[in-house]
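Encoded as structure tokens, the structure appears first; notes follow it.
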Amino acid sequence: MSDYIVPAQTRIGHVHLKVSDIDKALGFYQGLLGFEIMQRYGDQAVFISAGGYHHHIGLNTWYSKGADRAPRRAPGLFHTAILYPSRKDLAIILKRLVDVHYPLTGASDHGVSEAIYLDDPDGNGVELYWDKPRDQWPFDKDGHLQMVTEPLDMQDLLAEIDR
């Protein structure tokens with residue numbers, strides 16, 4: 001194997017998901033999470049974004065129209081991670097989810113971030129999170145990152161809205 005290392009400025013540009021129904025998927029990604037439609041191709045595909053980028057998420061029914069939910073115990077995408085700019089922004093979306101009783105599949109403090117987990121209407125995993133400042137990340141005495149999975153204090157997160 002080579003000693004090539006991907007450039008530090010490299011980013012994941014977008015995710016493109018197979019969904020069973022564009023309008024049902026938009027109810028989640030646009031209606032609940034607040035993404036904006038950038039371009040739509042009839043009832044077959046739509047590109048959505050935050051802040052006017054060409055697209056952060058593509059949704060299509062090219063191979064999946066009317067299909068059942070994605071099986072949990074099969075190879076494929078584990079989750080799409082959506083990074084919020086601040087803890088307060090994560091608290092606001094958590095409150096939206098709680099207010100409509102949207103089912104969560106988990107919530108964790110990873111030391112480097114705080115995350116909320118849920119599934120979209122097609123069973124695709126979604127992580128909503130914010131990164132803690134780097135100087136708060138847990139490193140061992142040798143400087144190695146020590147991520148954890150601890151329970152997230154949801155009440156403290158929701159209290160962020162009023163701070």
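Quick note on naming: the chains in the structure tokens go A, B, ... in the order shown, residues restart at 1 in each chain, and ligands are numbered from 1 in order of appearance.
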
Show which residues sit within 12 Å of stretch 23-31 of chain A, as a PDB file with N, CA and C atoms, in the first residue's frame. Count only C-alpha atoms, and ignore same-chain residues fewer than 6 positions away.
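So the final result, stored in out13.pdb, reads:
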ATOM      1  N   LEU A  17     -28.879   9.780  -1.667  1.00  0.00           N
ATOM      2  CA  LEU A  17     -29.620   8.674  -1.079  1.00  0.00           C
ATOM      3  C   LEU A  17     -30.693   8.145  -2.005  1.00  0.00           C
ATOM      4  N   ILE A  37     -34.655  23.262  -1.157  1.00  0.00           N
ATOM      5  CA  ILE A  37     -34.580  22.637  -2.476  1.00  0.00           C
ATOM      6  C   ILE A  37     -33.780  23.542  -3.399  1.00  0.00           C
ATOM      7  N   MET A  38     -32.764  22.949  -4.036  1.00  0.00           N
ATOM      8  CA  MET A  38     -31.957  23.689  -5.004  1.00  0.00           C
ATOM      9  C   MET A  38     -32.396  23.368  -6.429  1.00  0.00           C
ATOM     10  N   ARG A  40     -35.063  20.329  -8.646  1.00  0.00           N
ATOM     11  CA  ARG A  40     -35.913  19.144  -8.618  1.00  0.00           C
ATOM     12  C   ARG A  40     -36.076  18.605 -10.030  1.00  0.00           C
ATOM     13  N   GLY A  42     -38.669  16.469 -11.410  1.00  0.00           N
ATOM     14  CA  GLY A  42     -39.970  15.819 -11.319  1.00  0.00           C
ATOM     15  C   GLY A  42     -40.127  15.047 -10.026  1.00  0.00           C
ATOM     16  N   ASP A  43     -40.642  13.817 -10.155  1.00  0.00           N
ATOM     17  CA  ASP A  43     -40.816  12.981  -8.970  1.00  0.00           C
ATOM     18  C   ASP A  43     -39.703  11.952  -8.836  1.00  0.00           C
ATOM     19  N   GLN A  44     -38.578  12.175  -9.552  1.00  0.00           N
ATOM     20  CA  GLN A  44     -37.485  11.199  -9.542  1.00  0.00           C
ATOM     21  C   GLN A  44     -36.271  11.608  -8.722  1.00  0.00           C
ATOM     22  N   ALA A  45     -35.992  12.891  -8.606  1.00  0.00           N
ATOM     23  CA  ALA A  45     -34.797  13.324  -7.877  1.00  0.00           C
ATOM     24  C   ALA A  45     -34.939  14.771  -7.433  1.00  0.00           C
ATOM     25  N   VAL A  46     -34.243  15.088  -6.371  1.00  0.00           N
ATOM     26  CA  VAL A  46     -34.208  16.458  -5.858  1.00  0.00           C
ATOM     27  C   VAL A  46     -32.865  16.666  -5.165  1.00  0.00           C
ATOM     28  N   PHE A  47     -32.342  17.880  -5.287  1.00  0.00           N
ATOM     29  CA  PHE A  47     -31.083  18.243  -4.646  1.00  0.00           C
ATOM     30  C   PHE A  47     -31.362  19.331  -3.623  1.00  0.00           C
ATOM     31  N   ILE A  48     -30.921  19.105  -2.387  1.00  0.00           N
ATOM     32  CA  ILE A  48     -31.220  20.021  -1.286  1.00  0.00           C
ATOM     33  C   ILE A  48     -29.929  20.473  -0.613  1.00  0.00           C
ATOM     34  N   SER A  49     -30.010  21.638   0.050  1.00  0.00           N
ATOM     35  CA  SER A  49     -28.800  22.158   0.678  1.00  0.00           C
ATOM     36  C   SER A  49     -29.115  23.016   1.888  1.00  0.00           C
ATOM     37  N   ALA A  50     -28.058  23.358   2.582  1.00  0.00           N
ATOM     38  CA  ALA A  50     -28.075  24.366   3.637  1.00  0.00           C
ATOM     39  C   ALA A  50     -27.274  25.554   3.114  1.00  0.00           C
ATOM     40  N   HIS A  56     -26.119  19.468  -0.704  1.00  0.00           N
ATOM     41  CA  HIS A  56     -25.483  18.660   0.333  1.00  0.00           C
ATOM     42  C   HIS A  56     -26.054  17.241   0.308  1.00  0.00           C
ATOM     43  N   ILE A  57     -27.332  17.147  -0.070  1.00  0.00           N
ATOM     44  CA  ILE A  57     -28.002  15.849  -0.114  1.00  0.00           C
ATOM     45  C   ILE A  57     -28.761  15.741  -1.425  1.00  0.00           C
ATOM     46  N   GLY A  58     -28.555  14.628  -2.111  1.00  0.00           N
ATOM     47  CA  GLY A  58     -29.362  14.280  -3.267  1.00  0.00           C
ATOM     48  C   GLY A  58     -30.308  13.165  -2.860  1.00  0.00           C
ATOM     49  N   LEU A  59     -31.530  13.231  -3.325  1.00  0.00           N
ATOM     50  CA  LEU A  59     -32.529  12.195  -3.055  1.00  0.00           C
ATOM     51  C   LEU A  59     -33.039  11.711  -4.404  1.00  0.00           C
ATOM     52  N   ASN A  60     -33.069  10.394  -4.612  1.00  0.00           N
ATOM     53  CA  ASN A  60     -33.592   9.912  -5.891  1.00  0.00           C
ATOM     54  C   ASN A  60     -34.367   8.619  -5.720  1.00  0.00           C
ATOM     55  N   THR A  61     -35.244   8.347  -6.707  1.00  0.00           N
ATOM     56  CA  THR A  61     -36.030   7.107  -6.742  1.00  0.00           C
ATOM     57  C   THR A  61     -35.675   6.271  -7.971  1.00  0.00           C
ATOM     58  N   LYS A  65     -37.991   3.455  -6.209  1.00  0.00           N
ATOM     59  CA  LYS A  65     -39.359   3.978  -6.097  1.00  0.00           C
ATOM     60  C   LYS A  65     -40.296   2.900  -5.556  1.00  0.00           C
ATOM     61  N   GLY A  66     -40.995   3.247  -4.468  1.00  0.00           N
ATOM     62  CA  GLY A  66     -41.958   2.339  -3.864  1.00  0.00           C
ATOM     63  C   GLY A  66     -41.357   1.183  -3.085  1.00  0.00           C
ATOM     64  N   ARG A  69     -38.421  -0.103   3.321  1.00  0.00           N
ATOM     65  CA  ARG A  69     -37.333   0.541   4.069  1.00  0.00           C
ATOM     66  C   ARG A  69     -36.037  -0.231   3.904  1.00  0.00           C
ATOM     67  N   THR A  80     -25.890   9.183   7.537  1.00  0.00           N
ATOM     68  CA  THR A  80     -25.417  10.457   7.017  1.00  0.00           C
ATOM     69  C   THR A  80     -25.266  11.374   8.219  1.00  0.00           C
ATOM     70  N   ILE A  82     -24.875  15.073   9.731  1.00  0.00           N
ATOM     71  CA  ILE A  82     -25.125  16.476   9.417  1.00  0.00           C
ATOM     72  C   ILE A  82     -24.543  17.309  10.554  1.00  0.00           C
ATOM     73  N   ILE A  93     -32.703  21.982  16.737  1.00  0.00           N
ATOM     74  CA  ILE A  93     -33.249  20.891  15.934  1.00  0.00           C
ATOM     75  C   ILE A  93     -33.738  19.764  16.838  1.00  0.00           C
ATOM     76  N   ARG A  96     -37.191  20.701  17.842  1.00  0.00           N
ATOM     77  CA  ARG A  96     -38.146  20.449  16.738  1.00  0.00           C
ATOM     78  C   ARG A  96     -38.541  18.973  16.701  1.00  0.00           C
ATOM     79  N   LEU A  97     -37.561  18.089  16.853  1.00  0.00           N
ATOM     80  CA  LEU A  97     -37.833  16.654  16.833  1.00  0.00           C
ATOM     81  C   LEU A  97     -38.701  16.237  18.017  1.00  0.00           C
ATOM     82  N   VAL A 100     -42.452  17.305  17.710  1.00  0.00           N
ATOM     83  CA  VAL A 100     -43.301  16.512  16.808  1.00  0.00           C
ATOM     84  C   VAL A 100     -43.243  15.017  17.146  1.00  0.00           C
ATOM     85  N   TYR A 102     -40.794  12.940  17.009  1.00  0.00           N
ATOM     86  CA  TYR A 102     -40.068  12.134  16.028  1.00  0.00           C
ATOM     87  C   TYR A 102     -39.189  11.144  16.784  1.00  0.00           C
ATOM     88  N   LEU A 118     -31.229   9.274  14.446  1.00  0.00           N
ATOM     89  CA  LEU A 118     -32.591   8.967  14.045  1.00  0.00           C
ATOM     90  C   LEU A 118     -32.550   8.345  12.658  1.00  0.00           C
ATOM     91  N   ASP A 119     -33.677   7.853  12.192  1.00  0.00           N
ATOM     92  CA  ASP A 119     -33.786   7.309  10.842  1.00  0.00           C
ATOM     93  C   ASP A 119     -34.708   8.193  10.024  1.00  0.00           C
ATOM     94  N   ASP A 120     -34.395   8.337   8.735  1.00  0.00           N
ATOM     95  CA  ASP A 120     -35.320   9.038   7.850  1.00  0.00           C
ATOM     96  C   ASP A 120     -36.476   8.087   7.506  1.00  0.00           C
ATOM     97  N   PRO A 121     -37.487   8.531   6.768  1.00  0.00           N
ATOM     98  CA  PRO A 121     -38.640   7.668   6.492  1.00  0.00           C
ATOM     99  C   PRO A 121     -38.302   6.369   5.762  1.00  0.00           C
ATOM    100  N   ASP A 122     -37.149   6.298   5.082  1.00  0.00           N
ATOM    101  CA  ASP A 122     -36.757   5.082   4.372  1.00  0.00           C
ATOM    102  C   ASP A 122     -35.817   4.199   5.181  1.00  0.00           C
ATOM    103  N   GLY A 123     -35.577   4.551   6.411  1.00  0.00           N
ATOM    104  CA  GLY A 123     -34.703   3.750   7.258  1.00  0.00           C
ATOM    105  C   GLY A 123     -33.233   4.087   7.120  1.00  0.00           C
ATOM    106  N   ASN A 124     -32.912   5.152   6.390  1.00  0.00           N
ATOM    107  CA  ASN A 124     -31.521   5.607   6.308  1.00  0.00           C
ATOM    108  C   ASN A 124     -31.157   6.287   7.621  1.00  0.00           C
ATOM    109  N   VAL A 126     -29.474   8.784  10.229  1.00  0.00           N
ATOM    110  CA  VAL A 126     -29.092  10.193  10.190  1.00  0.00           C
ATOM    111  C   VAL A 126     -28.502  10.553  11.554  1.00  0.00           C
ATOM    112  N   LEU A 128     -27.268  13.893  13.653  1.00  0.00           N
ATOM    113  CA  LEU A 128     -27.249  15.351  13.759  1.00  0.00           C
ATOM    114  C   LEU A 128     -26.283  15.669  14.892  1.00  0.00           C
TER     115      LEU A 128
END

Which of stretch 51-94 of chain A counts as helix (DSSP H, G or I) under DSSP, as a count of residues only please? 8

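Rounded to one decimal, atom CA of A:Gln136 and atom CA of A:Val98 lie 27.8 Å from each other.
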
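You can rank A:His101, A:His79, A:His110, A:Lys95 by their closest distance to A:Ala159 using only C-alpha atoms, and at the top of that list sits A:Lys95.
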
Can you tell me which residues surround A:Tyr84 at a distance of at most 10 Å, considering only C-alpha atoms, apart from same-chain residues fewer than 3 positions away, and format the answer as a list of chain:residue names? A:Ala81, A:Arg87, A:Lys88, A:Asp89, A:Leu90, A:Ala91, A:Ile93, A:Ala115, A:Leu128, A:Tyr129, A:Trp130, A:Asp131

I need the residues from that last selection saved to file as a short mmCIF file (atom, residue, chain, number, x, y, z; two decimals), in the first residue's frame (with N, CA and C atoms), if you can.
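Saved the output as result08.cif:
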data_model
loop_
_atom_site.label_atom_id
_atom_site.label_comp_id
_atom_site.auth_asym_id
_atom_site.auth_seq_id
_atom_site.Cartn_x
_atom_site.Cartn_y
_atom_site.Cartn_z
N ALA A 81 -24.12 12.01 8.36
CA ALA A 81 -23.87 12.90 9.50
C ALA A 81 -24.01 14.34 9.04
N ARG A 87 -23.64 24.33 19.31
CA ARG A 87 -24.43 23.51 20.23
C ARG A 87 -25.87 24.02 20.28
N LYS A 88 -26.05 25.32 20.24
CA LYS A 88 -27.40 25.88 20.26
C LYS A 88 -28.19 25.44 19.02
N ASP A 89 -27.55 25.41 17.85
CA ASP A 89 -28.23 24.95 16.64
C ASP A 89 -28.67 23.49 16.78
N LEU A 90 -27.82 22.66 17.39
CA LEU A 90 -28.20 21.27 17.63
C LEU A 90 -29.37 21.20 18.60
N ALA A 91 -29.36 22.04 19.62
CA ALA A 91 -30.46 22.08 20.59
C ALA A 91 -31.78 22.47 19.90
N ILE A 93 -32.70 21.98 16.74
CA ILE A 93 -33.25 20.89 15.93
C ILE A 93 -33.74 19.76 16.84
N ALA A 115 -24.11 14.16 19.69
CA ALA A 115 -24.85 13.67 18.53
C ALA A 115 -26.22 13.12 18.90
N LEU A 128 -27.27 13.89 13.65
CA LEU A 128 -27.25 15.35 13.76
C LEU A 128 -26.28 15.67 14.89
N TYR A 129 -25.25 16.49 14.61
CA TYR A 129 -24.24 16.68 15.64
C TYR A 129 -23.58 18.05 15.53
N TRP A 130 -22.82 18.39 16.56
CA TRP A 130 -21.94 19.56 16.53
C TRP A 130 -20.61 19.11 17.10
N ASP A 131 -19.54 19.69 16.61
CA ASP A 131 -18.21 19.39 17.11
C ASP A 131 -17.87 20.34 18.26
#
